[in-house]
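**Q** Sharing a structure with you now.
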Amino acid sequence: MKTKSLKGIMVLAAMLVSFFSLAQNRLIVNTDQGDIKINKHIYGHFAEHLGRSIYGGIWVGPDSDIPNEDGYRKDVMEALINLEIPNLRWPGGCFADEYHWTDGIGDPAERPKMVNTHWGGVTEDNSFGTHEFMNFAKKIGTEPYITGNVGSGSVEEMSKWIEYINFDGVSPMADLRKRNGQDEPWGIRYWGVGNESWGCGGNMTPEYYANEYRRYATYARNYGGNRLYKIAGGANNWDYNWTEVLMKNIPLNMMDGLSLHYYTIAGSWENKKSATDFDKETYLETLRKAAFIDELIKRHGTIMDKYDPEKRIGMIIDEWGTWFEVEPGTNPGFLYQQNTMRDAHVAAISLNIFNKNADRVHMANIAQTVNVLQAIILTNETDLILTPTYHVFDLYKPHKDATLLSHDLKSEEVSFGKEKMEALNVSTSRSEDGTVNISIANINPDKKIDLDVVLRGIDAKNITAEYITAPAINSHNTFENKEVVKKAAFKDFKLNKENLKVSVPANSIIMLRAK
Ligand code: AHR
């Protein structure tokens, strides 16, 4: 009898093994393992004084006809509150290294104007300054991340900005803040020391920047029990030497984060392609380039590991996203581009990769929040569009602060022309209440994929799911039709004990939650 049942078990096991190895697409999730937390700050954002990002996008001023609360667009605020964005980086970007914060405080009518040389050469009237930014961050419930001016500023200027914002006693800067209507210090933690110092932030060598960083960081003081999280301006793309020199020359106790910037383009920098008009080969080229950030994280990470094996210093990917040709007829300096399902896949792939590397990647900021590059929100005078990228951030909410789970994915491929990639792209995590989160992107625009999922280690009773999909890879929302791409309930799955069968629609991104 015993031998019989043993035989039976072995036959069943063999059947299961052959079933799963035969399955062309299968995902095994180790639901009961994992000890790395996916930092919620990976889901961070970025708003620069660039084009219609701040002015018109976030800030319209209290006298505007556009519905606003104290000068902030109500519709944009509501969308950002819904998204629960963990942090917002400001004021740039390249703009940060020509911004003098003292120009943006006090009576708005008295504030000096300046030329925004990087972005369209327009006049910046400084009506959106430190207080306006801090109040906005408070209203939308996000943590501010400020980048100081190293390129054209001074150590004194940045040091005084920190004192103005964070000092809780009697001091020249704290007193000035109080005279400007803010009694309590804001206590900001995240400070960037310059931006792209290898380029628009001063064209420095890594050796020179490392020395400058040490000076700036020395005078970036902790006040009132608030310990600053200091972020050094890191490499562009695959400039591994920049990372090596900074890690070697900056004492580890002087920095908390090191940034990395990487933009996904189609074509070349000199000849960027359209955001909406592209063929399937270009689509796949774009997604392959987005996925390349995995290699960048690994290689920069290996250099960081050499100096910081404990992985205390965070890799801060504080600019990432797509960069296409601007929308026809718009100011080339404003970087206004549409946002399609292709952008949604770039976001899904990138966020899946950041999650996977959560031991080193402690923060990331998509560029940018409103009306610029891979925006999550596009606005006109009267209305707003939530882009496909917005919906990906919305779908991915459960991954924030969840425990990263390991998984094993077997996926079929999709190819167009000379481009080829795995069709499925996945990330898995476990929320504090034990719910297992599985985000799945099917980048094949033409084929539904049947995926066998094994939830190893959990006896799931209940699955809920939401997704976005669209008829075409360039489907996008417009002011005339705002819901071409939107989040909806997803039901095409079947649970049988540990095994879950999911029919992943062509051109879709799903978030499945198992409990
Ligand atoms: O996000 C737009 C620009 O891209 C930023 O200002 C700069 O840091 C980067 O080159």
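Labeling convention for the structure tokens: chains A, B, ... as they appear, residues from 1 per chain, ligands from 1 in order of appearance.
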Within 6 Å of ligand 1, counting only C-alpha atoms and all ligand atoms, which protein or nucleic acid residues do you find, written as number ranges by chain?
**A** A: 92-94, 196, 367
**Q** Near stretch 405-419 of chain A, within 7 Å and counting only C-alpha atoms, which residues show up once chain neighbours fewer than 3 positions away are dropped, as a PDB file with N, CA and C atoms, in the first residue's frame?
**A**
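Saved file out.pdb follows:
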ATOM      1  N   GLN A  24       5.498  26.739 -22.183  1.00  0.00           N
ATOM      2  CA  GLN A  24       6.433  27.662 -22.821  1.00  0.00           C
ATOM      3  C   GLN A  24       6.673  28.889 -21.941  1.00  0.00           C
ATOM      4  N   ASN A  25       5.632  29.225 -21.195  1.00  0.00           N
ATOM      5  CA  ASN A  25       5.730  30.416 -20.359  1.00  0.00           C
ATOM      6  C   ASN A  25       5.326  30.041 -18.943  1.00  0.00           C
ATOM      7  N   ARG A  26       6.270  30.103 -18.025  1.00  0.00           N
ATOM      8  CA  ARG A  26       5.901  29.796 -16.651  1.00  0.00           C
ATOM      9  C   ARG A  26       6.703  30.662 -15.684  1.00  0.00           C
ATOM     10  N   LEU A  27       6.050  30.890 -14.558  1.00  0.00           N
ATOM     11  CA  LEU A  27       6.648  31.755 -13.540  1.00  0.00           C
ATOM     12  C   LEU A  27       6.537  31.042 -12.202  1.00  0.00           C
ATOM     13  N   ILE A  28       7.659  30.818 -11.538  1.00  0.00           N
ATOM     14  CA  ILE A  28       7.622  30.249 -10.188  1.00  0.00           C
ATOM     15  C   ILE A  28       7.995  31.368  -9.219  1.00  0.00           C
ATOM     16  N   VAL A  29       7.104  31.631  -8.265  1.00  0.00           N
ATOM     17  CA  VAL A  29       7.361  32.714  -7.309  1.00  0.00           C
ATOM     18  C   VAL A  29       7.627  32.109  -5.941  1.00  0.00           C
ATOM     19  N   ASN A  30       8.753  32.469  -5.348  1.00  0.00           N
ATOM     20  CA  ASN A  30       9.099  31.984  -4.008  1.00  0.00           C
ATOM     21  C   ASN A  30       8.473  32.925  -2.993  1.00  0.00           C
ATOM     22  N   THR A  31       7.229  32.636  -2.639  1.00  0.00           N
ATOM     23  CA  THR A  31       6.448  33.619  -1.869  1.00  0.00           C
ATOM     24  C   THR A  31       6.864  33.699  -0.409  1.00  0.00           C
ATOM     25  N   GLN A  33      10.007  33.587   0.796  1.00  0.00           N
ATOM     26  CA  GLN A  33      11.397  33.991   1.014  1.00  0.00           C
ATOM     27  C   GLN A  33      11.531  35.512   0.874  1.00  0.00           C
ATOM     28  N   GLY A  34      12.770  35.983   0.929  1.00  0.00           N
ATOM     29  CA  GLY A  34      13.003  37.414   0.672  1.00  0.00           C
ATOM     30  C   GLY A  34      13.273  38.204   1.931  1.00  0.00           C
ATOM     31  N   LYS A 280       7.084  48.635 -35.396  1.00  0.00           N
ATOM     32  CA  LYS A 280       7.271  47.650 -34.327  1.00  0.00           C
ATOM     33  C   LYS A 280       8.742  47.406 -34.013  1.00  0.00           C
ATOM     34  N   GLU A 281       9.589  47.550 -35.021  1.00  0.00           N
ATOM     35  CA  GLU A 281      11.020  47.356 -34.759  1.00  0.00           C
ATOM     36  C   GLU A 281      11.553  48.480 -33.845  1.00  0.00           C
ATOM     37  N   LEU A 284      10.434  47.851 -30.298  1.00  0.00           N
ATOM     38  CA  LEU A 284      11.253  46.872 -29.587  1.00  0.00           C
ATOM     39  C   LEU A 284      12.656  47.416 -29.295  1.00  0.00           C
ATOM     40  N   GLU A 285      13.158  48.225 -30.215  1.00  0.00           N
ATOM     41  CA  GLU A 285      14.468  48.868 -29.969  1.00  0.00           C
ATOM     42  C   GLU A 285      14.370  49.718 -28.696  1.00  0.00           C
ATOM     43  N   GLU A 422      12.515  38.968 -24.637  1.00  0.00           N
ATOM     44  CA  GLU A 422      11.518  38.115 -23.978  1.00  0.00           C
ATOM     45  C   GLU A 422      10.209  38.891 -23.942  1.00  0.00           C
ATOM     46  N   ALA A 423       9.120  38.189 -24.226  1.00  0.00           N
ATOM     47  CA  ALA A 423       7.836  38.887 -24.321  1.00  0.00           C
ATOM     48  C   ALA A 423       7.289  39.285 -22.955  1.00  0.00           C
ATOM     49  N   LEU A 424       7.635  38.493 -21.936  1.00  0.00           N
ATOM     50  CA  LEU A 424       7.104  38.786 -20.601  1.00  0.00           C
ATOM     51  C   LEU A 424       8.184  39.417 -19.729  1.00  0.00           C
ATOM     52  N   THR A 428       8.136  40.620  -8.619  1.00  0.00           N
ATOM     53  CA  THR A 428       7.312  39.984  -7.585  1.00  0.00           C
ATOM     54  C   THR A 428       7.700  40.501  -6.202  1.00  0.00           C
ATOM     55  N   SER A 429       6.691  40.719  -5.364  1.00  0.00           N
ATOM     56  CA  SER A 429       6.958  41.203  -4.007  1.00  0.00           C
ATOM     57  C   SER A 429       5.869  40.712  -3.057  1.00  0.00           C
ATOM     58  N   ARG A 430       6.143  40.881  -1.754  1.00  0.00           N
ATOM     59  CA  ARG A 430       5.142  40.498  -0.748  1.00  0.00           C
ATOM     60  C   ARG A 430       4.878  41.681   0.172  1.00  0.00           C
ATOM     61  N   ASN A 444       4.490  41.808 -26.261  1.00  0.00           N
ATOM     62  CA  ASN A 444       4.103  41.390 -27.617  1.00  0.00           C
ATOM     63  C   ASN A 444       2.782  42.068 -27.987  1.00  0.00           C
TER      64      ASN A 444
END
**Q** Atom CA of A:Gly301 to atom CA of A:Val361: how many Å, to one decimal?
**A**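 About the pair atom CA of A:Gly301 and atom CA of A:Val361: they are 8.9 Å apart.
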**Q** Give the strand (DSSP E or B) residues of stretch 181-298 of chain A, as DSSP finds them on the backbone, and put them as an MDAnalysis selection string.
**A** chainID A and resid 190:193 223 226 229:236 257:264 267 272
**Q** List the spatial neighbours of A:Leu260 as a VMD selection string - criterion: any atom at most 8 Å away, only C-alpha atoms, same-chain residues fewer than 6 positions off excluded.
**A** chain A and resid 233 to 237 315 to 319
**Q** Would you pick out the contacts of stretch 186-193 of chain A at 6 Å or less, using only C-alpha atoms, so that residues sharing its chain but fewer than 4 positions from it are not included, and give the list as a VMD selection string?
**A** chain A and resid 145 to 148 165 to 166 228 to 232
**Q** Quick one: write out the picked residues with N, CA and C atoms as a short mmCIF file (atom, residue, chain, number, x, y, z; two decimals), in the first residue's frame?
**A**
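As a result, result.cif now contains:
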data_model
loop_
_atom_site.label_atom_id
_atom_site.label_comp_id
_atom_site.auth_asym_id
_atom_site.auth_seq_id
_atom_site.Cartn_x
_atom_site.Cartn_y
_atom_site.Cartn_z
N TYR A 145 12.75 66.60 -2.30
CA TYR A 145 14.16 66.27 -2.57
C TYR A 145 14.69 67.47 -3.35
N ILE A 146 15.60 68.24 -2.71
CA ILE A 146 16.08 69.49 -3.32
C ILE A 146 17.51 69.31 -3.84
N THR A 147 17.74 69.83 -5.05
CA THR A 147 19.09 69.79 -5.62
C THR A 147 19.71 71.18 -5.53
N GLY A 148 20.86 71.25 -4.89
CA GLY A 148 21.56 72.53 -4.71
C GLY A 148 22.40 72.89 -5.93
N ILE A 165 15.94 76.34 5.42
CA ILE A 165 14.88 75.33 5.39
C ILE A 165 14.81 74.52 6.68
N ASN A 166 15.97 74.24 7.28
CA ASN A 166 15.97 73.25 8.36
C ASN A 166 16.28 73.76 9.76
N LEU A 228 20.74 64.78 7.35
CA LEU A 228 20.61 64.93 5.90
C LEU A 228 20.98 63.63 5.19
N TYR A 229 20.31 63.40 4.08
CA TYR A 229 20.67 62.29 3.18
C TYR A 229 21.28 62.98 1.96
N LYS A 230 22.62 62.94 1.89
CA LYS A 230 23.33 63.72 0.86
C LYS A 230 23.60 62.85 -0.37
N ILE A 231 23.20 63.39 -1.51
CA ILE A 231 23.31 62.63 -2.76
C ILE A 231 24.35 63.29 -3.67
N ALA A 232 25.39 62.53 -3.97
CA ALA A 232 26.43 63.04 -4.88
C ALA A 232 25.96 62.89 -6.32
#
**Q** Rank nothing, just name the residue among A:Lys397, A:Arg177, A:Lys311, A:Lys139 nearest to A:Glu78, using only C-alpha atoms.
**A**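 Closest to A:Glu78, using only C-alpha atoms: A:Lys139.
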**Q** Give me the residues within 6 Å of stretch 334-338 of chain A as a compact mmCIF listing (two decimals) with N, CA, C and O atoms, in the first residue's frame, counting only C-alpha atoms and dropping any in the same chain fewer than 2 places off.
**A**
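Generated output (result_9.txt):
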# COMPACT_ATOMS: atom_id res chain seq x y z
N GLY A 51 9.93 74.25 -19.45
CA GLY A 51 8.71 74.25 -20.24
C GLY A 51 7.49 74.51 -19.37
O GLY A 51 7.46 75.42 -18.54
N ALA A 275 7.36 60.43 -30.69
CA ALA A 275 6.81 59.77 -29.51
C ALA A 275 5.60 58.91 -29.86
O ALA A 275 5.23 58.01 -29.10
N VAL A 326 10.07 66.35 -29.72
CA VAL A 326 8.94 67.08 -29.11
C VAL A 326 7.72 67.00 -30.03
O VAL A 326 7.86 66.77 -31.24
N GLU A 327 6.55 67.21 -29.48
CA GLU A 327 5.32 67.23 -30.28
C GLU A 327 5.42 68.34 -31.33
O GLU A 327 5.85 69.46 -31.00
N ASN A 331 7.54 74.24 -28.56
CA ASN A 331 8.89 74.79 -28.36
C ASN A 331 9.88 73.65 -28.10
O ASN A 331 9.73 72.90 -27.13
N PRO A 332 10.91 73.52 -28.94
CA PRO A 332 11.86 72.41 -28.75
C PRO A 332 12.55 72.44 -27.39
O PRO A 332 12.98 71.41 -26.88
N ASN A 371 4.01 67.45 -18.17
CA ASN A 371 4.28 68.14 -19.46
C ASN A 371 5.71 68.06 -19.97
O ASN A 371 6.05 68.79 -20.92
N VAL A 372 6.57 67.27 -19.36
CA VAL A 372 7.97 67.20 -19.81
C VAL A 372 8.39 65.73 -19.94
O VAL A 372 8.16 64.93 -19.03
N LEU A 373 9.01 65.39 -21.09
CA LEU A 373 9.54 64.05 -21.34
C LEU A 373 8.47 62.98 -21.02
O LEU A 373 7.33 63.11 -21.44
**Q** Ranking A:Lys37, A:Glu132, A:Val150, A:Asp492 by minimum distance to A:Glu432 and counting only C-alpha atoms, which one comes first?
**A**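 With only C-alpha atoms as the atom set, the closest residue is A:Lys37.
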**Q** Give me, please, the distance in Å between atom CA of A:Gly106 and atom CA of A:Asn365, quoted to one decimal.
**A**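 Separation of atom CA of A:Gly106 and atom CA of A:Asn365: 29.3 Å.
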**Q** DSSP on the backbone: what in stretch 5-250 of chain A comes out helix (DSSP H, G or I), as a ChimeraX atom specification?
**A** /A:5-22,40-43,74-83,94-98,101-104,108-110,130-140,155-166,172-179,206-218,240-249
